[in-house]
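The structure file start.cif is reproduced below (mmCIF, C-alpha atoms).
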data_run
#
loop_
_atom_site.label_atom_id
_atom_site.label_comp_id
_atom_site.auth_asym_id
_atom_site.auth_seq_id
_atom_site.Cartn_x
_atom_site.Cartn_y
_atom_site.Cartn_z
CA MET A 13 -24.78 31.43 65.06
CA ALA A 14 -22.95 29.05 62.76
CA SER A 15 -23.33 25.39 63.50
CA SER A 16 -20.20 23.54 64.51
CA PRO A 17 -18.83 21.08 61.94
CA GLN A 18 -19.83 17.48 62.36
CA PRO A 19 -17.04 15.00 63.00
CA PRO A 20 -16.37 12.70 60.06
CA GLY A 21 -17.94 9.27 60.20
CA PRO A 22 -15.95 6.08 60.21
CA PRO A 23 -14.42 5.06 56.87
CA ALA A 24 -16.41 2.94 54.47
CA VAL A 25 -15.73 -0.76 54.27
CA PRO A 26 -13.02 -1.30 51.64
CA LEU A 27 -13.04 -3.48 48.54
CA LEU A 28 -10.61 -6.37 48.02
CA ILE A 29 -10.28 -7.50 44.39
CA ALA A 30 -8.55 -10.88 44.18
CA CYS A 31 -6.90 -12.26 41.06
CA ALA A 32 -4.37 -15.02 40.44
CA LEU A 33 -2.03 -13.92 37.67
CA GLY A 34 0.38 -11.07 37.15
CA ILE A 35 -1.27 -10.18 33.85
CA GLU A 36 -4.65 -9.92 35.63
CA ARG A 37 -3.09 -7.73 38.31
CA PHE A 38 -1.61 -5.54 35.59
CA ALA A 39 -5.00 -5.16 33.90
CA LEU A 40 -6.59 -4.15 37.22
CA ARG A 41 -3.85 -1.71 38.22
CA GLY A 42 -5.03 1.63 39.51
CA ALA A 43 -8.04 0.21 41.38
CA ASP A 44 -6.90 1.82 44.61
CA ASP A 45 -6.75 5.25 42.93
CA ARG A 46 -10.17 5.13 41.26
CA ALA A 47 -12.13 8.32 41.76
CA GLY A 48 -15.57 7.87 43.24
CA ALA A 49 -14.81 4.69 45.11
CA PRO A 50 -16.74 4.54 48.40
CA GLY A 51 -13.71 3.32 50.34
CA PRO A 52 -10.17 2.11 49.88
CA ALA A 53 -9.62 -0.64 47.34
CA ARG A 54 -6.83 -3.16 47.00
CA VAL A 55 -5.98 -5.61 44.23
CA LEU A 56 -4.52 -8.82 45.64
CA ARG A 57 -2.56 -11.25 43.50
CA THR A 58 -3.19 -14.62 45.12
CA GLY A 59 -1.25 -16.99 42.90
CA MET A 60 -2.78 -19.84 40.95
CA GLY A 61 -5.04 -22.55 42.32
CA PRO A 62 -7.66 -22.80 45.05
CA ARG A 63 -5.22 -23.42 47.89
CA SER A 64 -3.12 -20.37 47.09
CA ALA A 65 -6.22 -18.22 46.62
CA GLY A 66 -7.80 -19.24 49.91
CA HIS A 67 -4.59 -18.70 51.87
CA ALA A 68 -3.89 -15.31 50.32
CA VAL A 69 -7.41 -14.01 50.93
CA ARG A 70 -7.48 -15.16 54.55
CA THR A 71 -4.11 -13.49 55.14
CA ALA A 72 -5.25 -10.24 53.51
CA LEU A 73 -8.43 -10.10 55.61
CA ASN A 74 -6.39 -10.51 58.79
CA ASP A 75 -5.00 -7.05 58.10
CA GLY A 76 -6.98 -4.63 60.24
CA ALA A 77 -7.51 -2.22 57.34
CA MET A 78 -9.16 -4.93 55.23
CA ARG A 79 -10.90 -6.89 57.96
CA TYR A 80 -14.44 -6.06 56.83
CA ALA A 81 -13.74 -5.69 53.10
CA ALA A 82 -16.18 -6.69 50.42
CA VAL A 83 -14.43 -9.29 48.26
CA LEU A 84 -14.64 -9.65 44.50
CA ALA A 85 -12.83 -12.42 42.62
CA SER A 86 -11.79 -11.47 39.11
CA GLY A 87 -9.52 -12.38 36.22
CA PHE A 88 -9.86 -14.81 33.34
CA CYS A 89 -11.92 -17.98 32.98
CA ALA A 90 -12.81 -20.71 30.52
CA GLY A 91 -16.29 -20.56 29.07
CA LEU A 92 -18.31 -23.76 29.07
CA ALA A 93 -21.37 -22.85 27.01
CA PRO A 94 -21.41 -23.18 23.23
CA GLY A 95 -21.37 -19.80 21.55
CA MET A 96 -19.14 -18.10 24.11
CA HIS A 97 -16.22 -16.07 22.77
CA PRO A 98 -13.01 -14.61 24.20
CA GLY A 99 -13.84 -11.22 25.69
CA ASP A 100 -17.31 -12.24 26.89
CA LEU A 101 -17.94 -11.58 30.59
CA VAL A 102 -19.21 -13.90 33.28
CA VAL A 103 -20.91 -12.47 36.37
CA ALA A 104 -21.36 -15.35 38.79
CA ALA A 105 -24.71 -15.95 40.43
CA GLU A 106 -22.85 -18.38 42.67
CA THR A 107 -19.48 -20.10 42.80
CA ARG A 108 -19.22 -23.88 43.15
CA ASP A 109 -16.65 -26.50 43.93
CA PRO A 110 -16.62 -29.90 45.69
CA ASP A 111 -17.10 -28.16 49.06
CA GLY A 112 -20.40 -26.57 48.04
CA ALA A 113 -21.89 -23.41 46.56
CA THR A 114 -21.44 -19.78 47.62
CA PRO A 115 -24.17 -17.32 46.54
CA CYS A 116 -22.93 -13.96 45.25
CA THR A 117 -24.21 -10.62 46.47
CA ASP A 118 -26.54 -8.45 44.36
CA THR A 119 -25.71 -10.12 41.06
CA ALA A 120 -28.35 -8.21 39.08
CA ARG A 121 -26.89 -4.84 40.05
CA LEU A 122 -23.40 -6.05 39.20
CA VAL A 123 -24.57 -7.30 35.79
CA ALA A 124 -26.05 -3.87 35.09
CA ALA A 125 -22.82 -2.14 36.10
CA VAL A 126 -20.70 -4.47 33.97
CA THR A 127 -22.98 -3.95 30.98
CA ARG A 128 -22.59 -0.18 31.29
CA ALA A 129 -18.82 -0.43 31.65
CA VAL A 130 -18.29 -2.52 28.50
CA PRO A 131 -21.20 -1.80 26.14
CA GLY A 132 -21.43 -4.21 23.27
CA ARG A 133 -19.83 -7.12 25.15
CA ARG A 134 -21.89 -10.18 25.98
CA VAL A 135 -22.46 -10.67 29.70
CA HIS A 136 -23.38 -14.18 30.91
CA THR A 137 -24.85 -14.87 34.35
CA GLY A 138 -24.97 -18.23 36.10
CA PRO A 139 -22.95 -20.64 38.22
CA LEU A 140 -19.15 -20.34 38.04
CA THR A 141 -17.53 -23.64 38.92
CA GLY A 142 -14.08 -24.28 40.33
CA SER A 143 -11.32 -26.66 39.32
CA ASP A 144 -7.83 -27.40 40.60
CA ARG A 145 -6.45 -27.52 37.05
CA VAL A 146 -7.01 -26.16 33.55
CA VAL A 147 -9.90 -28.03 31.91
CA ARG A 148 -10.27 -28.87 28.25
CA GLY A 149 -12.28 -31.04 25.88
CA PRO A 150 -14.32 -33.80 27.57
CA GLU A 151 -13.91 -32.38 31.07
CA ARG A 152 -15.21 -29.03 29.89
CA ALA A 153 -18.27 -30.80 28.45
CA ARG A 154 -18.80 -32.71 31.71
CA LEU A 155 -18.75 -29.51 33.77
CA ARG A 156 -21.30 -27.98 31.42
CA THR A 157 -23.76 -30.78 32.29
CA THR A 158 -23.75 -29.55 35.92
CA GLY A 159 -25.32 -26.26 34.79
CA ALA A 160 -22.15 -24.19 35.20
CA ILE A 161 -21.45 -21.63 32.49
CA ALA A 162 -17.72 -21.11 33.13
CA VAL A 163 -14.82 -22.49 35.14
CA ASP A 164 -11.76 -21.06 36.86
CA MET A 165 -9.42 -22.21 39.60
CA GLU A 166 -9.68 -19.49 42.25
CA SER A 167 -13.12 -17.85 42.53
CA ALA A 168 -14.85 -20.48 44.68
CA ALA A 169 -11.93 -20.70 47.09
CA THR A 170 -11.66 -16.91 47.23
CA LEU A 171 -15.29 -16.38 48.18
CA ARG A 172 -15.35 -19.22 50.68
CA ALA A 173 -12.21 -17.91 52.38
CA ALA A 174 -13.71 -14.42 52.49
CA LEU A 175 -16.88 -15.60 54.23
CA SER A 176 -14.94 -17.81 56.63
CA ALA A 177 -13.39 -14.58 57.93
CA GLY A 178 -16.79 -13.03 58.58
CA PRO A 179 -19.99 -11.97 56.78
CA ARG A 180 -19.45 -9.57 53.89
CA PRO A 181 -20.58 -8.93 50.29
CA VAL A 182 -18.87 -11.26 47.81
CA ALA A 183 -18.93 -11.49 44.02
CA ALA A 184 -17.04 -12.89 41.06
CA VAL A 185 -16.60 -11.39 37.61
CA ARG A 186 -14.48 -13.16 35.02
CA VAL A 187 -13.54 -12.50 31.41
CA VAL A 188 -13.70 -15.47 29.06
CA VAL A 189 -10.23 -16.12 27.63
CA ASP A 190 -11.11 -19.39 25.95
CA ALA A 191 -14.30 -21.22 25.06
CA PRO A 192 -15.37 -24.53 23.53
CA GLU A 193 -14.83 -23.30 19.97
CA HIS A 194 -11.89 -21.05 20.83
CA GLU A 195 -9.46 -22.93 23.09
CA LEU A 196 -6.28 -21.02 23.93
CA PHE A 197 -3.05 -22.42 25.24
CA ARG A 198 -1.03 -19.34 26.12
CA ILE A 199 -2.76 -16.26 27.50
CA GLY A 200 -1.72 -13.03 25.82
CA THR A 201 -0.02 -14.57 22.79
CA VAL A 202 -3.09 -14.71 20.57
CA ARG A 203 -5.90 -12.37 19.70
CA GLY A 204 -8.37 -13.88 22.19
CA GLY A 205 -6.05 -13.39 25.14
CA ILE A 206 -5.36 -9.78 24.22
CA SER A 207 -9.09 -9.12 23.85
CA ALA A 208 -9.77 -10.58 27.29
CA PHE A 209 -7.02 -8.43 28.83
CA ARG A 210 -8.54 -5.25 27.39
CA VAL A 211 -12.01 -6.16 28.61
CA LEU A 212 -10.73 -6.89 32.12
CA ARG A 213 -9.09 -3.47 32.22
CA ALA A 214 -12.26 -1.77 30.97
CA VAL A 215 -14.61 -3.46 33.45
CA LEU A 216 -12.90 -2.15 36.60
CA PRO A 217 -15.25 0.85 37.06
CA ALA A 218 -18.16 -1.59 37.36
CA PHE A 219 -16.56 -3.13 40.44
CA HIS A 220 -16.55 0.25 42.17
CA GLU A 221 -20.12 0.94 41.06
CA TRP A 222 -21.24 -2.36 42.59
CA HIS A 223 -19.30 -1.60 45.77
CA ARG A 224 -20.77 1.89 45.99
CA SER A 225 -24.33 0.54 45.64
CA LEU A 226 -24.08 -2.00 48.45
CA PRO A 227 -25.62 -1.28 51.86
CA LEU A 228 -22.21 -1.66 53.41
CA PRO A 229 -21.92 -1.41 57.18
CA ARG A 230 -19.74 1.28 58.68
CA ARG A 231 -17.14 0.18 61.19
#

How does the structure come out when it is put into structure tokens?
Amino acid sequence: MASSPQPPGPPAVPLLIACALGIERFALRGADDRAGAPGPARVLRTGMGPRSAGHAVRTALNDGAMRYAAVLASGFCAGLAPGMHPGDLVVAAETRDPDGATPCTDTARLVAAVTRAVPGRRVHTGPLTGSDRVVRGPERARLRTTGAIAVDMESAATLRAALSAGPRPVAAVRVVVDAPEHELFRIGTVRGGISAFRVLRAVLPAFHEWHRSLPLPRR
């Protein structure tokens, strides 16, 4: 006698990928159609700055479909460490800002996934600090003395907002678009900006690999 089919289980927790800029959203397009993803994925354009990022993420997680989503902040960043180059990747061990530090989930596994997705690119791991403005010159050097390896305006606020809506995996992966020896002033108009865009597009499969590997709860 044939066994009766088992009812399907509840859907996997989805993945919310948050970025600030339209060009970042364009690079990450297609995330929701990626084959092999363990659950639905959405790319959210938050707008620039920590306040916009926090508000947009909280609003997105109020949607019932995304309520328990894992959250990954992505896009471009400024490198702080000497020797960084446009197109290098930063996988945050934690995000920081004046309100404190937020540890990231399973950083080592995410580093491995990113390395596989973009072989030959340098991947840096360490604290990713937040700012409410673009930093250059002396301020970049000052942030480096705190131990941070890169800076952006949205990641810290994104992860804090995500955890304020409930426990969940969180992470941040950024592509260096400028660095101490390679400062850029207009993203996408010079070689470094174009390189960073291509790397951000190429790294997307690593986000799904990280998501798939997590011991995500089923709701």

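The environment of Arg186 of chain A within 6 Å, counting all atoms listed in the file and disregarding residues fewer than 2 places along the same chain, consists of Ser86, Gly87, Phe88, Cys89, Leu101 and Val102 of chain A.
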
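For the file at hand, the PyMOL selection byres ((chain A and resi 209-216) around 8) resolves to Ile35, Glu36, Ala39, Leu40, Ala43, Gly87, Gly99, Val126, Ala129, Val130, Arg186, Val187, Gly200, Gly205, Ile206, Ser207, Ala208, Pro217, Ala218, Phe219 and His220 of chain A.
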
ask   = Taking into account only C-alpha atoms, which residue in the set A:Thr158, A:Thr170, A:Thr127, A:Thr117 is nearest to Pro62 of chain A?
value =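 Residue with the minimum atom-to-atom distance to Pro62 of chain A: A:Thr170.
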
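Counting from atom CA of Arg121 of chain A, the distance to atom CA of Arg133 of chain A is 16.6 Å.
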
task = In Å, rounded to a single decimal, give me how far atom CA of Leu56 of chain A is from atom CA of Arg41 of chain A.
result =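 Taking atom CA of Arg41 of chain A as the start and atom CA of Leu56 of chain A as the end point, the length is 10.3 Å.
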
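Contact shell of Ala81 of chain A at 7 Å (only C-alpha atoms; same-chain neighbours under 4 positions omitted): Val25, Pro26, Leu27, Leu28 and Arg180 of chain A.
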
query = What lies within 12 Å of Ala153 of chain A using all atoms listed in the file, ignoring chain neighbours under 4 positions off, as JSON, numbers by chain?
reply = {"A": [90, 91, 92, 93, 94, 147, 148, 149, 157, 158, 159, 160, 161, 162, 163, 191, 192, 193]}

Render segment 62-157 of chain A from the structure in the preceding block as a file of C-alpha atoms, as a short mmCIF file (atom, residue, chain, number, x, y, z; two decimals), in the first residue's frame.
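In the end it all went to decode-v1.cif:
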data_model
loop_
_atom_site.label_atom_id
_atom_site.label_comp_id
_atom_site.auth_asym_id
_atom_site.auth_seq_id
_atom_site.Cartn_x
_atom_site.Cartn_y
_atom_site.Cartn_z
CA PRO A 62 21.36 55.65 9.03
CA ARG A 63 17.95 57.18 9.72
CA SER A 64 16.55 56.22 6.32
CA ALA A 65 18.04 52.74 6.57
CA GLY A 66 16.63 52.05 10.01
CA HIS A 67 13.16 53.28 9.09
CA ALA A 68 13.03 51.32 5.84
CA VAL A 69 14.15 48.07 7.45
CA ARG A 70 11.68 48.35 10.33
CA THR A 71 8.88 49.02 7.85
CA ALA A 72 9.87 46.06 5.66
CA LEU A 73 9.96 43.68 8.64
CA ASN A 74 6.46 44.74 9.64
CA ASP A 75 5.25 43.02 6.48
CA GLY A 76 3.99 39.60 7.51
CA ALA A 77 5.88 37.86 4.70
CA MET A 78 9.21 39.28 5.88
CA ARG A 79 8.60 39.31 9.62
CA TYR A 80 11.22 36.67 10.46
CA ALA A 81 13.63 37.41 7.61
CA ALA A 82 17.37 37.10 7.93
CA VAL A 83 18.82 40.53 7.11
CA LEU A 84 21.98 41.28 5.16
CA ALA A 85 23.22 44.82 4.59
CA SER A 86 25.11 45.28 1.35
CA GLY A 87 26.37 47.83 -1.16
CA PHE A 88 29.49 49.95 -1.33
CA CYS A 89 31.81 51.20 1.40
CA ALA A 90 35.00 53.16 1.97
CA GLY A 91 38.03 51.14 2.96
CA LEU A 92 40.05 52.39 5.92
CA ALA A 93 43.10 50.13 5.87
CA PRO A 94 46.17 50.96 3.80
CA GLY A 95 46.52 48.63 0.85
CA MET A 96 42.79 48.27 0.18
CA HIS A 97 41.66 48.70 -3.42
CA PRO A 98 38.34 49.31 -5.19
CA GLY A 99 36.68 45.94 -5.74
CA ASP A 100 37.96 44.41 -2.49
CA LEU A 101 35.23 42.93 -0.28
CA VAL A 102 34.49 43.53 3.38
CA VAL A 103 32.61 40.90 5.39
CA ALA A 104 31.78 42.47 8.73
CA ALA A 105 32.53 40.63 11.94
CA GLU A 106 30.42 43.30 13.62
CA THR A 107 28.93 46.67 12.78
CA ARG A 108 29.58 49.71 14.98
CA ASP A 109 28.27 53.19 15.49
CA PRO A 110 27.84 55.57 18.47
CA ASP A 111 24.98 53.39 19.78
CA GLY A 112 27.16 50.30 20.12
CA ALA A 113 28.26 47.17 18.27
CA THR A 114 26.16 44.47 16.61
CA PRO A 115 27.83 41.06 16.09
CA CYS A 116 27.21 39.42 12.72
CA THR A 117 26.03 35.86 12.28
CA ASP A 118 28.36 33.08 11.09
CA THR A 119 30.96 35.40 9.58
CA ALA A 120 33.44 32.61 8.79
CA ARG A 121 30.92 30.75 6.64
CA LEU A 122 29.98 33.95 4.85
CA VAL A 123 33.65 34.74 4.17
CA ALA A 124 34.06 31.29 2.62
CA ALA A 125 30.98 31.77 0.44
CA VAL A 126 32.12 35.20 -0.72
CA THR A 127 35.59 33.88 -1.53
CA ARG A 128 34.07 31.15 -3.70
CA ALA A 129 31.76 33.59 -5.46
CA VAL A 130 34.52 36.03 -6.47
CA PRO A 131 37.77 34.06 -6.66
CA GLY A 132 40.83 36.24 -6.90
CA ARG A 133 39.29 39.18 -5.03
CA ARG A 134 40.64 40.15 -1.63
CA VAL A 135 38.18 39.60 1.21
CA HIS A 136 38.74 41.57 4.45
CA THR A 137 37.06 40.66 7.74
CA GLY A 138 36.70 42.92 10.77
CA PRO A 139 34.59 45.69 12.27
CA LEU A 140 32.54 47.81 9.86
CA THR A 141 31.88 51.22 11.35
CA GLY A 142 29.03 53.61 10.62
CA SER A 143 28.96 57.31 9.81
CA ASP A 144 26.23 59.81 9.04
CA ARG A 145 28.27 61.31 6.19
CA VAL A 146 30.93 60.46 3.62
CA VAL A 147 34.35 60.40 5.31
CA ARG A 148 37.65 61.40 3.79
CA GLY A 149 41.23 62.23 4.72
CA PRO A 150 41.82 62.85 8.45
CA GLU A 151 38.45 61.45 9.52
CA ARG A 152 39.16 58.23 7.65
CA ALA A 153 42.48 57.96 9.50
CA ARG A 154 40.77 58.61 12.85
CA LEU A 155 38.23 55.83 12.25
CA ARG A 156 41.06 53.46 11.40
CA THR A 157 42.53 53.99 14.89
#
